[in-house]
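K.L.:
Starting off with a structure, shown below.
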Amino acid sequence: MNSGEDDRKSSFLTRSNLKLLALLAVWVVVLSSIYSCGWWLRGKSNSFAVGEPAPRTFYARYGMDYKDEDMALWLKEQWSERAFGVLLYEPEKAREVAEKLEYLGNGYYSNMLDSKLVYLLDVLPEEKRNNLLKIISLTGRRLLKSHPISISEEDIWSELEASHLDSSERNVAYQVLLDIFKMAMELDTRSVKAYRDYLKEQFEPVEKRLKVGDVIVWRGEIVTPERAEILVMQGYLPEKFPWKYVVSLALMTILWGMWIRWYLRRRGMLFNFKNEVMVTTAMALGWVLLGVTTYLGGVGVGVLPLVIWLYLILEPSVAFHLVLGAGILGVLASPAYSLMDLILGFVTVSASTCGGYLFIPKVRTRDKLFVAICAIGVLVVLAVLIAMFGFSLQINWETVVIFVLWTVLSSVIGVVFLSLWEVLFGAMTPLKLVELTHPSHVLLKRLQLEAPGTYHHSLMVGTLAEVAAESLELNSLLVKAGAYFHDVGKLRRPHFFVENQRPGENVHDELAPSMSALVIISHVRDGLELAREYKLPLKIRDFIREHHGTTCLQYFYKKAKMAGDYVSVSQFCYPGPKPKSAETAIVMLADSVEAAVRAVWQEAGVAPDIEGIVCDVIETKIKESQLDETPLTLRDISVIKESFIKSLRHMYHSRKVTSLEPEDGKLEEGQNGK
């Protein structure tokens, strides 16, 4: 039992899970700190307490529609008081009421009514009195017919309002009918309460519109729960620190972090520790900028540097998830306390994320980066204006100008700090890769002058590998740059490599096979030393280190065995490691394929069997297990193979050449200038 628990504990506390927990802890601490700082800076001067007098007059920051619950409750009470009472019939007296109503219609009333009512009727003119009694009789009989079980005082009054009686006559008729009906009925308090509740339910809520600048609560006025809800929606904070909100923010951060981890693992793209630190640092800076810009009036625009950084450093699909999630969490942690601030922040983050996905991955130069940033800025401003128009917000052009200025400033910060990731973390942005592959790079210039054959070979390998990487939707710029520098170690001893030798010359003819192998194999080590000397990025060094894997120089090994030397095959093998990524694997294959095709071309002088050579080289690498540690699938290898064949056929196409000399040594007509 204990051993099983220990196994489960050890399986959970793996290095990968511990790194994830550490990252989540850092994210939660950063976001919570940003929210706490914003609350301390803004919330203290704008806070309130429910049930306490308001410390200041609170004004509306945004226009909004709301339901005035206090007014609605008061009106409901007033409306329900209109129900004076509910009378229930006593069945044995219902007939007596009907008879009295009939007597009233015939003009008899003296012995049936209260003395005060009799007096009121007596003072009326006879004609008017008889007419009133007939109306009272008819009204009473209609009430008996339409309300066979119970009748309310409201029902009596409503029925009389439909008559043509004036107000004084209507009041007398009401008193007479009430006196007659009370003889046969009793007041039911439960029915009265139920009827009043019914009237309250029928009452429509009071809806009001709050305009910018309207007073929500006056200074010294008690803050009711209903007013508190409006204050919160307007961005004013309760006096007590909102711990529940911070806990919710932390839980959302943890769930998002677990989602990102699952997404990356599903795509086979888990970051190493250095990349995790880089992404975490970028997000932390982005969150701080979001908090600062939101506090100063640019809600959500602080996400723009994060958009620039992550879309230039990472794959677009991965950057999309990271920017969108981190941006939303940053808005929630920023001083965007009102509902409309949150909505505008989400709109800004969404527009920035989509704009980055559309424009930045295509960037290859700093000029195009500037154009892409301008396009994203325009998209963000338009999205915010549309959102403000859609929510009927007052568009204050001063606020719009501030928002635009913060958009520009955030973009500038993103570009300025871009080199930080390249220097500290070796991030490979497209701009950096374009600079590396430019012929003016110092190492490439040395190759052109000191090892022209290697330089030409590297260009050919770069072309092959770049096209194959594009077919697999990999980072083709990275592959091209890696191919350009993969053989840079040959600069130490360029004449020891066949592509730099003159026809008929081969220094290896004078060397022992083991010495030749040692010199050739050492170009990997020499290349890494040059890469460190010229500060090439780590990802480029991976191409230098892995482009031969652990393959062996079979030619020199067999030559040594034939000479009778006692040698080990390990002396003739590269130290490795084998390719770890699809990019370095493509360069390995392109390097071997280009060298093999070129060798056949130079030896035979005719177009080689390109398809056969490509298939043989790739199958050999597979048999030697050189691709086992890469994520390449059989389908990927098939795509690479087809890409190589197509590219090489364009490079080594044959052309039928016709002699320009005429037959029998004679010039054709017109060739002698006549």
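Chain labels A, B, ... are given in the sequence in which chains occur in the structure tokens; within each chain residues are numbered consecutively from 1, and ligands are likewise numbered from 1 in the order shown.
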Report the closest atom pair, with its distance in Å rounded to one decimal, for each residue of range 212-286 of chain A that has an atom no farther than 10 Å from range 423-439 of chain A; count only C-alpha atoms, sort by chain and then rising residue number, and write it as JSON lines.

P.N.:
```
{"residue": "A:Lys274", "atom": "CA", "partner": "A:Phe425", "partner_atom": "CA", "distance": 6.9}
{"residue": "A:Asn275", "atom": "CA", "partner": "A:Phe425", "partner_atom": "CA", "distance": 7.4}
{"residue": "A:Val277", "atom": "CA", "partner": "A:Phe425", "partner_atom": "CA", "distance": 8.7}
{"residue": "A:Met278", "atom": "CA", "partner": "A:Phe425", "partner_atom": "CA", "distance": 6.5}
{"residue": "A:Val279", "atom": "CA", "partner": "A:Phe425", "partner_atom": "CA", "distance": 9.9}
```

K.L.:
Restricting it to N, CA and C atoms, dump the selection as a CSV table (one decimal), in the first residue's frame.

P.N.:
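File again_15.csv, as written:
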```
chain,number,residue,atom,x,y,z
A,274,LYS,N,14.8,26.9,-21.1
A,274,LYS,CA,15.2,28.3,-21.6
A,274,LYS,C,14.0,29.0,-22.3
A,275,ASN,N,13.3,28.2,-23.1
A,275,ASN,CA,12.2,28.8,-23.9
A,275,ASN,C,11.0,29.1,-22.9
A,277,VAL,N,11.3,30.0,-19.7
A,277,VAL,CA,11.7,31.2,-19.0
A,277,VAL,C,11.5,32.4,-20.0
A,278,MET,N,11.8,32.3,-21.2
A,278,MET,CA,11.7,33.4,-22.2
A,278,MET,C,10.2,33.8,-22.3
A,279,VAL,N,9.4,32.8,-22.5
A,279,VAL,CA,7.9,33.0,-22.7
A,279,VAL,C,7.3,33.6,-21.5
```

K.L.:
With distances taken over only C-alpha atoms, which residue among A:Val507, A:Met252, A:Val401, A:Ala375 lies nearest Ser32 in chain A?

P.N.:
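Checking each of A:Val507, A:Met252, A:Val401, A:Ala375 against Ser32 in chain A, counting only C-alpha atoms, the winner is A:Met252.
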
K.L.:
When distances are computed from only C-alpha atoms, which of A:Trp406, A:Tyr357, A:Tyr174, A:Tyr455 shows the smallest separation from Glu315 in chain A?

P.N.:
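Looking only at the distances to Glu315 in chain A, the closest residue turns out to be A:Tyr357.
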
K.L.:
Quick one: everything within 10 Å of Tyr103 in chain A, counting only C-alpha atoms, minus sequence neighbours fewer than 6 positions away in the same chain. Send it as a list in words.

P.N.:
Val97, Tyr109, Met112, Leu133, Lys134 and Ser137 of chain A

K.L.:
With only C-alpha atoms as the atoms that count, which of A:Leu31, A:Leu538, A:Cys37, A:Leu477 lies nearest to Leu251 in chain A?

P.N.:
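Distance minimum relative to Leu251 in chain A lands on A:Leu31.
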
K.L.:
Between A:Asp179, A:Asp166, A:Glu466, A:Glu127, which residue has the minimum interatomic distance to Ala590 in chain A, considering only C-alpha atoms?

P.N.:
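Among A:Asp179, A:Asp166, A:Glu466, A:Glu127, it is A:Glu466 that comes nearest to Ala590 in chain A.
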
K.L.:
Near range 301-306 of chain A, counting only C-alpha atoms, which residues have an atom at most 10 Å away, once you skip same-chain residues fewer than 4 positions from it, shown as a PyMOL selection string?

P.N.:
chain A and resi 279+282-294+297+310-312+319+322-324+326-328+330-331+345+348-350+352-353+356+373+376-377+380-381+403-418

K.L.:
Would you please give, as a list in words, all residues of range 217-369 of chain A that DSSP assigns to strand (DSSP E or B) based on the backbone?

P.N.:
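Across range 217-369 of chain A, those assigned strand (DSSP E or B) are Val217, Ile222, Leu237 and Pro238 of chain A.
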
K.L.:
What's around Gln571 in chain A at 10 Å? Count only C-alpha atoms, leave out sequence neighbours fewer than 6 positions away in its own chain, and write the answer as an MDAnalysis selection string.

P.N.:
chainID A and resid 514:515 517:518 521 552:553 557
